[in-house]
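J.: Sending over a structure as structure tokens; questions will come in a sec.
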Amino acid sequence: MTSVTDDLPLAAEFPKATIDDWRKLVDGVLKGAPFEKLVGKTYDGLKIEPLYPRAKGVAPVAGRPLAAPWQIMQRIDHPDAAAANAQALTDLENGATGLALVFAGGSGAHGFGLEPSADAVAKVLKDIHLDAGIGLELQIGPQSRMAAIHVAEYVKSAGLDPAACNIRFGLDPLAAGAVWGHSPYTWEEIVPAVAGAIKGLAALGFKGPFASADGRVIHDAGGSEVQELAFVLACGVAYLRAIEGAGIALEQAQGMVYARLSADADQFLTMAKFRALRLLWERVETACGLTPKPLFIAADTAWRMLTQRDPYVNMLRATIATFAAGLAGANAITVLPHTLALGLPDPFARRVARNTQLLLLEESNLAKVSDPAAGAGGIETLTAQLCDAAWALFQESEKAGGAFAALQQGLFQGKVAATRKARDANIAKRRDVLTGASEFPNLHESETVVLKATPVALPPYGEQKHKFDALPPIRLAEPFEALRDKSDAALKARGARPKVFLANLGTPADFTARATFAKSFFEAGGIQAVDSEGFADPAKLAAAFKASGVALACLCSSDKVYAEHAEAAAKALQSAGSRHIYLAGRPTDTEAALRAAGVTGFVFAGGDALATLQDAYRRMEQA
């Protein structure tokens with residue numbers, strides 16, 4: 001049989017390129033800098049090389065059935081059951097193939113959620129044909145645990161065959177305990193309740209799966225991919241043991257547990273993470289003496305990557321996340337609407353969330369290829385690294401006594417805290433860019449529309465008898481958004497935002513680059529930049545600054561112009577009343593002289609932007 005390369009000998013006359021040839025070219029560009037400068041690292045310390053050869057002798061990772069689409073899940077979380085039902089029917093009529101019923105008190109509720117009563121469940125599911133092939137996923141917590149029973153009762157009262165209903169019941173007390181940082185019961189007390197509920201649902205004829213191992217807990221708290229994978233393994237094994245302990249054979253229990261992962265805008269890491277989980281779960285099944293079967297993996301686009309500012313960028317983040325999870329074999333995907341961080345999404349935001357998946361499936365045909373990352377050297381290597389590191393952490397949790405004991409001992413929390421600290425530092429320095437929040441802000445964006453609804457109030461669940469460190473969800477943009485909130489409050493109270501005067505020196509060719517950088521830098525914190533023409537005369541610069549009525553100033557120009565004029569300009573600005581003078585650029589050997597002339601801060605790429613902006617607000621408040 002003729003190969004493709006035989007039919008297309010386009011490169012046959014060119015010499016074969018080698019890694020050594022590439023290295024020589026790279027070394028020429030690096031000009032003596034170490035090659036390690038091009039090697040990236042994940043928050044788990046895993047190395048990401050700039051170039052990988054093709055991986056040989058690898059097979060595709062078994063996931064969804066061949067060429068089968070993932071379930072297009074739509075989040076249903078409106079506190080009003082009738083409104084939630086209307087949303088669900090609209091979603092199903094317009095392309096959704098599944099519904100994620102998010103109940104109040106669940107780990108992913110984020111302030112809203114359905115009422116977990118029998119009446120509310122009946123209203124939400126009215127006119128929805130649960131036996132018509134749609135997927136139903138319950139996202140519940142201990143306070144809303146009865147929702148699972150109410151759904152089962154509704155199926156029975158509607159005369160439906162439980163086996164014909166594709167329902168994932170989402171029982172997951174470990175996730176709730178991890179988020180809350182406490183539990184009213186020991187694990188030994190929790191196991192009989194969870195196993196009993198699963199056994200009862202299975203006896204009614206439901207196929208499951210019933211228990212959810214939810215990695216979003218780790219991801220939402222700022223954790224890493226390795227930590228998320230290890231937590232899922234620890235929870236999944238804990239539920240397997242609980243089910244087996246209730247007298248259910250492991251072969252049957254195998255299909256009663258499923259996983260949920262977060263998908264974020266890091267495309268390659270997300271793909272590698274989903275692939276790694278399948279391989280890791282196969283290892284668990286093999287260790288249990290089971291014949292491996294593809295694990296059902298549900299994906300949610302990541303909560304922590306959502307921004308309140310310039311929320312339309314969230315559409316792009318969600319698209320990348322969905323693309324990565326879909327190609328990596330996720331069985332079901334829920335796209336968080338782009339306005340969820342601001343409140344309850346309106347019909348437009350819900351439609352965009354739904355259509356994000358429809359476009360990728362129906363127009364891009366992503367589901368037609370199974371595991372396209374197979375053989376890609378970079379993703380294969382990253383998948384293997386994640387497997388090794390996650391398995392090691394999972395073994396640590398097993399030595400600690402399992403998932404619940406590991407939480408009690410702070411095993412996962414300590415590692416997540418260290419990762420979160422490193423992540424926060426990179427966000428503060430804008431090494432991890434949050435478009436629209438920490439970079440490229442828009443101070444004139446219009447108000448985003450969200451629905452008005454009163455959240456469901458649930459009573460506290462039990463006593464906080466067994467306490468440990470909590471893993472509450474966060475959003476990465478929150479520190480910068482807090483500064484923007486201050487700016488909005490000032491605009492509302494005084495009719496004007498805090499401002500910084502861009503003291504441009506020289507010609508546009510001299511100052512434009514750094515003035516553009518300084519504008520984005522300060523406006524990321526809500527401090528509006530007041531531009532100016534280029535000045536050579538310090539007196540004219542001082543007059544323009546004084547006329548602006550602004551308290552802060554930032555010198556902007558080239559290093560050459562700074563060497564000739566920055567000191568005089570700083571002195572003039574100080575004489576004109578500037579309480580704080582920044583200079584756009586890194587400190588050099590002239591730093592001492594500049595500070596003596598009145599420069600009190602430097603703004604530059606890689607500097608701690610968040611600390612600088614917070615300090616600027618303190619200085620303005622003291623003025």
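Chain labels follow the order of the structure tokens: the first chain is A, the next B, and so on; residue numbering restarts at 1 in every chain, and ligands are counted from 1 in their shown order.
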Near Arg586 of chain A, within 12 Å and counting only C-alpha atoms, which residues show up once chain neighbours fewer than 4 positions away are dropped, as a ChimeraX atom specification?
T.: /A:514,556-559,562,582,590-591,594,601-608
J.: Can I get the selected residues back with N, CA, C and O atoms, as a JSON list (two decimals), in the first residue's frame?
T.:
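Output file selection05.json is given in full below:
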[["chain", "number", "residue", "atom", "x", "y", "z"],
["A", 514, "ARG", "N", 6.96, 53.06, 26.38],
["A", 514, "ARG", "CA", 6.84, 53.00, 27.84],
["A", 514, "ARG", "C", 5.59, 53.71, 28.33],
["A", 514, "ARG", "O", 5.03, 53.33, 29.37],
["A", 556, "CYS", "N", 8.03, 58.77, 31.48],
["A", 556, "CYS", "CA", 8.03, 57.77, 30.40],
["A", 556, "CYS", "C", 8.95, 58.23, 29.28],
["A", 556, "CYS", "O", 8.73, 59.30, 28.69],
["A", 557, "SER", "N", 9.95, 57.43, 28.97],
["A", 557, "SER", "CA", 10.82, 57.72, 27.84],
["A", 557, "SER", "C", 11.82, 56.60, 27.66],
["A", 557, "SER", "O", 11.72, 55.54, 28.31],
["A", 558, "SER", "N", 12.82, 56.82, 26.82],
["A", 558, "SER", "CA", 13.86, 55.83, 26.58],
["A", 558, "SER", "C", 14.98, 55.99, 27.60],
["A", 558, "SER", "O", 15.10, 57.03, 28.27],
["A", 559, "ASP", "N", 15.81, 54.96, 27.71],
["A", 559, "ASP", "CA", 16.95, 55.02, 28.64],
["A", 559, "ASP", "C", 17.86, 56.19, 28.29],
["A", 559, "ASP", "O", 18.42, 56.84, 29.18],
["A", 562, "TYR", "N", 16.28, 59.35, 29.52],
["A", 562, "TYR", "CA", 16.33, 59.35, 30.99],
["A", 562, "TYR", "C", 17.69, 59.83, 31.47],
["A", 562, "TYR", "O", 17.81, 60.62, 32.42],
["A", 582, "TYR", "N", 6.80, 58.01, 39.69],
["A", 582, "TYR", "CA", 7.25, 56.72, 39.18],
["A", 582, "TYR", "C", 8.10, 56.96, 37.93],
["A", 582, "TYR", "O", 8.01, 58.01, 37.27],
["A", 590, "THR", "N", 21.75, 54.34, 37.75],
["A", 590, "THR", "CA", 21.41, 55.73, 38.10],
["A", 590, "THR", "C", 20.27, 55.78, 39.12],
["A", 590, "THR", "O", 19.75, 56.86, 39.40],
["A", 591, "GLU", "N", 19.90, 54.63, 39.69],
["A", 591, "GLU", "CA", 18.76, 54.59, 40.59],
["A", 591, "GLU", "C", 18.93, 55.54, 41.77],
["A", 591, "GLU", "O", 18.01, 56.28, 42.14],
["A", 594, "LEU", "N", 18.39, 59.11, 40.74],
["A", 594, "LEU", "CA", 16.98, 59.35, 40.44],
["A", 594, "LEU", "C", 16.14, 59.45, 41.70],
["A", 594, "LEU", "O", 15.25, 60.30, 41.82],
["A", 601, "GLY", "N", 9.51, 55.27, 42.82],
["A", 601, "GLY", "CA", 9.11, 53.93, 42.40],
["A", 601, "GLY", "C", 9.37, 53.70, 40.93],
["A", 601, "GLY", "O", 9.43, 54.64, 40.13],
["A", 602, "PHE", "N", 9.54, 52.44, 40.56],
["A", 602, "PHE", "CA", 9.79, 52.05, 39.17],
["A", 602, "PHE", "C", 8.73, 51.03, 38.75],
["A", 602, "PHE", "O", 8.40, 50.12, 39.52],
["A", 603, "VAL", "N", 8.24, 51.20, 37.53],
["A", 603, "VAL", "CA", 7.27, 50.23, 37.00],
["A", 603, "VAL", "C", 7.89, 49.59, 35.77],
["A", 603, "VAL", "O", 8.36, 50.27, 34.86],
["A", 604, "PHE", "N", 7.90, 48.26, 35.76],
["A", 604, "PHE", "CA", 8.56, 47.54, 34.67],
["A", 604, "PHE", "C", 8.00, 46.12, 34.61],
["A", 604, "PHE", "O", 7.41, 45.62, 35.58],
["A", 605, "ALA", "N", 8.18, 45.48, 33.47],
["A", 605, "ALA", "CA", 7.72, 44.11, 33.27],
["A", 605, "ALA", "C", 8.45, 43.19, 34.23],
["A", 605, "ALA", "O", 9.68, 43.22, 34.31],
["A", 606, "GLY", "N", 7.71, 42.39, 34.97],
["A", 606, "GLY", "CA", 8.31, 41.49, 35.95],
["A", 606, "GLY", "C", 8.35, 42.05, 37.35],
["A", 606, "GLY", "O", 8.65, 41.33, 38.30],
["A", 607, "GLY", "N", 8.04, 43.34, 37.51],
["A", 607, "GLY", "CA", 7.97, 43.92, 38.84],
["A", 607, "GLY", "C", 6.65, 43.56, 39.50],
["A", 607, "GLY", "O", 5.70, 43.10, 38.85],
["A", 608, "ASP", "N", 6.55, 43.77, 40.80],
["A", 608, "ASP", "CA", 5.33, 43.44, 41.53],
["A", 608, "ASP", "C", 4.29, 44.53, 41.29],
["A", 608, "ASP", "O", 4.19, 45.50, 42.03]]
J.: Mind checking DSSP for segment 110-217 of chain A and telling me the strand (DSSP E) residues as JSON, numbers by chain?
T.: {"A": [135, 136, 137, 138, 139, 166, 167, 168, 182, 183, 211, 212, 213, 214]}
J.: Write to file, as a PDB file, in the first residue's frame, the residues of the selection just made, with N, CA, C and O atoms.
T.:
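Written out: result_21.pdb:
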ATOM      1  N   GLY A 135     -28.386  13.499  29.221  1.00  0.00           N
ATOM      2  CA  GLY A 135     -27.619  13.250  30.430  1.00  0.00           C
ATOM      3  C   GLY A 135     -28.081  14.176  31.543  1.00  0.00           C
ATOM      4  O   GLY A 135     -28.452  15.332  31.300  1.00  0.00           O
ATOM      5  N   LEU A 136     -28.084  13.692  32.754  1.00  0.00           N
ATOM      6  CA  LEU A 136     -28.455  14.499  33.915  1.00  0.00           C
ATOM      7  C   LEU A 136     -27.375  14.316  34.965  1.00  0.00           C
ATOM      8  O   LEU A 136     -27.042  13.187  35.342  1.00  0.00           O
ATOM      9  N   GLU A 137     -26.802  15.420  35.410  1.00  0.00           N
ATOM     10  CA  GLU A 137     -25.766  15.360  36.442  1.00  0.00           C
ATOM     11  C   GLU A 137     -26.206  16.206  37.628  1.00  0.00           C
ATOM     12  O   GLU A 137     -26.622  17.362  37.454  1.00  0.00           O
ATOM     13  N   LEU A 138     -26.133  15.629  38.816  1.00  0.00           N
ATOM     14  CA  LEU A 138     -26.503  16.362  40.024  1.00  0.00           C
ATOM     15  C   LEU A 138     -25.236  16.861  40.705  1.00  0.00           C
ATOM     16  O   LEU A 138     -24.312  16.090  40.959  1.00  0.00           O
ATOM     17  N   GLN A 139     -25.215  18.156  40.990  1.00  0.00           N
ATOM     18  CA  GLN A 139     -24.120  18.735  41.764  1.00  0.00           C
ATOM     19  C   GLN A 139     -24.717  19.151  43.105  1.00  0.00           C
ATOM     20  O   GLN A 139     -25.429  20.149  43.199  1.00  0.00           O
ATOM     21  N   ASN A 166     -30.228   8.416  32.155  1.00  0.00           N
ATOM     22  CA  ASN A 166     -28.775   8.591  32.244  1.00  0.00           C
ATOM     23  C   ASN A 166     -28.488   9.657  33.304  1.00  0.00           C
ATOM     24  O   ASN A 166     -28.359  10.841  32.996  1.00  0.00           O
ATOM     25  N   ILE A 167     -28.397   9.211  34.555  1.00  0.00           N
ATOM     26  CA  ILE A 167     -28.252  10.150  35.675  1.00  0.00           C
ATOM     27  C   ILE A 167     -26.958   9.865  36.440  1.00  0.00           C
ATOM     28  O   ILE A 167     -26.697   8.741  36.854  1.00  0.00           O
ATOM     29  N   ARG A 168     -26.158  10.916  36.618  1.00  0.00           N
ATOM     30  CA  ARG A 168     -24.990  10.867  37.502  1.00  0.00           C
ATOM     31  C   ARG A 168     -25.394  11.601  38.783  1.00  0.00           C
ATOM     32  O   ARG A 168     -25.661  12.802  38.754  1.00  0.00           O
ATOM     33  N   HIS A 182     -14.303  21.301  57.488  1.00  0.00           N
ATOM     34  CA  HIS A 182     -14.822  20.624  58.681  1.00  0.00           C
ATOM     35  C   HIS A 182     -15.835  19.571  58.281  1.00  0.00           C
ATOM     36  O   HIS A 182     -16.353  19.570  57.147  1.00  0.00           O
ATOM     37  N   SER A 183     -16.144  18.696  59.209  1.00  0.00           N
ATOM     38  CA  SER A 183     -17.161  17.661  58.995  1.00  0.00           C
ATOM     39  C   SER A 183     -17.795  17.331  60.334  1.00  0.00           C
ATOM     40  O   SER A 183     -17.101  17.244  61.350  1.00  0.00           O
ATOM     41  N   ALA A 211     -21.205   8.117  42.737  1.00  0.00           N
ATOM     42  CA  ALA A 211     -20.254   8.894  43.541  1.00  0.00           C
ATOM     43  C   ALA A 211     -19.310   9.665  42.625  1.00  0.00           C
ATOM     44  O   ALA A 211     -18.820   9.133  41.628  1.00  0.00           O
ATOM     45  N   SER A 212     -19.063  10.905  42.974  1.00  0.00           N
ATOM     46  CA  SER A 212     -18.209  11.774  42.162  1.00  0.00           C
ATOM     47  C   SER A 212     -16.903  12.072  42.890  1.00  0.00           C
ATOM     48  O   SER A 212     -16.912  12.499  44.047  1.00  0.00           O
ATOM     49  N   ALA A 213     -15.789  11.852  42.199  1.00  0.00           N
ATOM     50  CA  ALA A 213     -14.477  12.270  42.708  1.00  0.00           C
ATOM     51  C   ALA A 213     -14.152  13.592  42.026  1.00  0.00           C
ATOM     52  O   ALA A 213     -13.827  13.625  40.838  1.00  0.00           O
ATOM     53  N   ASP A 214     -14.288  14.677  42.767  1.00  0.00           N
ATOM     54  CA  ASP A 214     -14.330  16.022  42.181  1.00  0.00           C
ATOM     55  C   ASP A 214     -13.009  16.767  42.347  1.00  0.00           C
ATOM     56  O   ASP A 214     -12.693  17.276  43.424  1.00  0.00           O
TER      57      ASP A 214
END
J.: Using only C-alpha atoms, which of A:Met271, A:Thr507, A:Leu340, A:Arg354 sits nearest Thr90 of chain A?
T.: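 Between A:Met271, A:Thr507, A:Leu340, A:Arg354, the residue approaching Thr90 of chain A most closely is A:Arg354.
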J.: Could you build a table of the residues in segment 244-345 of chain A lying no more than 12 Å from segment 476-485 of chain A, giving for each the nearest pair of atoms and their separation in Å rounded to one decimal place, using only C-alpha atoms, ordered by chain and ascending residue number, as JSON lines?
T.:
{"residue": "A:Ala302", "atom": "CA", "partner": "A:Leu476", "partner_atom": "CA", "distance": 10.8}
{"residue": "A:Trp303", "atom": "CA", "partner": "A:Leu476", "partner_atom": "CA", "distance": 9.2}
{"residue": "A:Arg304", "atom": "CA", "partner": "A:Leu476", "partner_atom": "CA", "distance": 5.6}
{"residue": "A:Met305", "atom": "CA", "partner": "A:Leu476", "partner_atom": "CA", "distance": 6.2}
{"residue": "A:Leu306", "atom": "CA", "partner": "A:Ala477", "partner_atom": "CA", "distance": 7.6}
{"residue": "A:Thr307", "atom": "CA", "partner": "A:Ala477", "partner_atom": "CA", "distance": 5.9}
{"residue": "A:Gln308", "atom": "CA", "partner": "A:Glu481", "partner_atom": "CA", "distance": 7.4}
{"residue": "A:Arg309", "atom": "CA", "partner": "A:Glu481", "partner_atom": "CA", "distance": 7.1}
{"residue": "A:Asp310", "atom": "CA", "partner": "A:Glu481", "partner_atom": "CA", "distance": 10.7}
{"residue": "A:Pro311", "atom": "CA", "partner": "A:Ala477", "partner_atom": "CA", "distance": 11.3}
{"residue": "A:Asn314", "atom": "CA", "partner": "A:Ala477", "partner_atom": "CA", "distance": 11.8}
{"residue": "A:Ala341", "atom": "CA", "partner": "A:Glu478", "partner_atom": "CA", "distance": 10.3}
{"residue": "A:Leu342", "atom": "CA", "partner": "A:Glu481", "partner_atom": "CA", "distance": 11.6}
J.: Provide the atom CA of Ala470 of chain A to atom CA of Ala147 of chain A distance in Å, to one decimal place.
T.: 24.6 Å
J.: Considering only C-alpha atoms, return as a PyMOL selection string whatever protein or nucleic-acid residues lie within 9 Å of Leu295 of chain A, sequence-local ones (same chain, fewer than 5 positions apart) excluded.
T.: chain A and resi 63+254-255+257-259+277-278+281-282+331
J.: In Å, how far is it from atom CA of Val226 of chain A to atom CA of Lys41 of chain A?
T.: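 About the pair atom CA of Val226 of chain A and atom CA of Lys41 of chain A: they are 13.1 Å apart.
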J.: Using only C-alpha atoms, which protein or nucleic acid residues come within 6 Å of Phe440 of chain A? Drop anything in the same chain fewer than 2 positions from it, and give the result as a ChimeraX atom specification.
T.: /A:435-436,520
J.: May I have the residues from that selection written out with all heavy atoms, as a short mmCIF file (atom, residue, chain, number, x, y, z; two decimals), in the first residue's frame?
T.:
data_model
loop_
_atom_site.label_atom_id
_atom_site.label_comp_id
_atom_site.auth_asym_id
_atom_site.auth_seq_id
_atom_site.Cartn_x
_atom_site.Cartn_y
_atom_site.Cartn_z
N THR A 435 -5.91 38.64 30.95
CA THR A 435 -6.31 39.67 30.00
C THR A 435 -7.62 40.33 30.44
O THR A 435 -8.59 39.66 30.77
CB THR A 435 -6.48 39.05 28.60
OG1 THR A 435 -5.25 38.44 28.22
CG2 THR A 435 -6.86 40.11 27.58
N GLY A 436 -7.61 41.64 30.43
CA GLY A 436 -8.78 42.40 30.86
C GLY A 436 -8.76 42.74 32.33
O GLY A 436 -9.51 43.62 32.77
N SER A 520 -1.28 50.79 30.65
CA SER A 520 -1.86 49.49 30.96
C SER A 520 -1.56 49.10 32.40
O SER A 520 -2.43 48.54 33.10
CB SER A 520 -1.31 48.43 30.00
OG SER A 520 -1.83 47.16 30.29
#
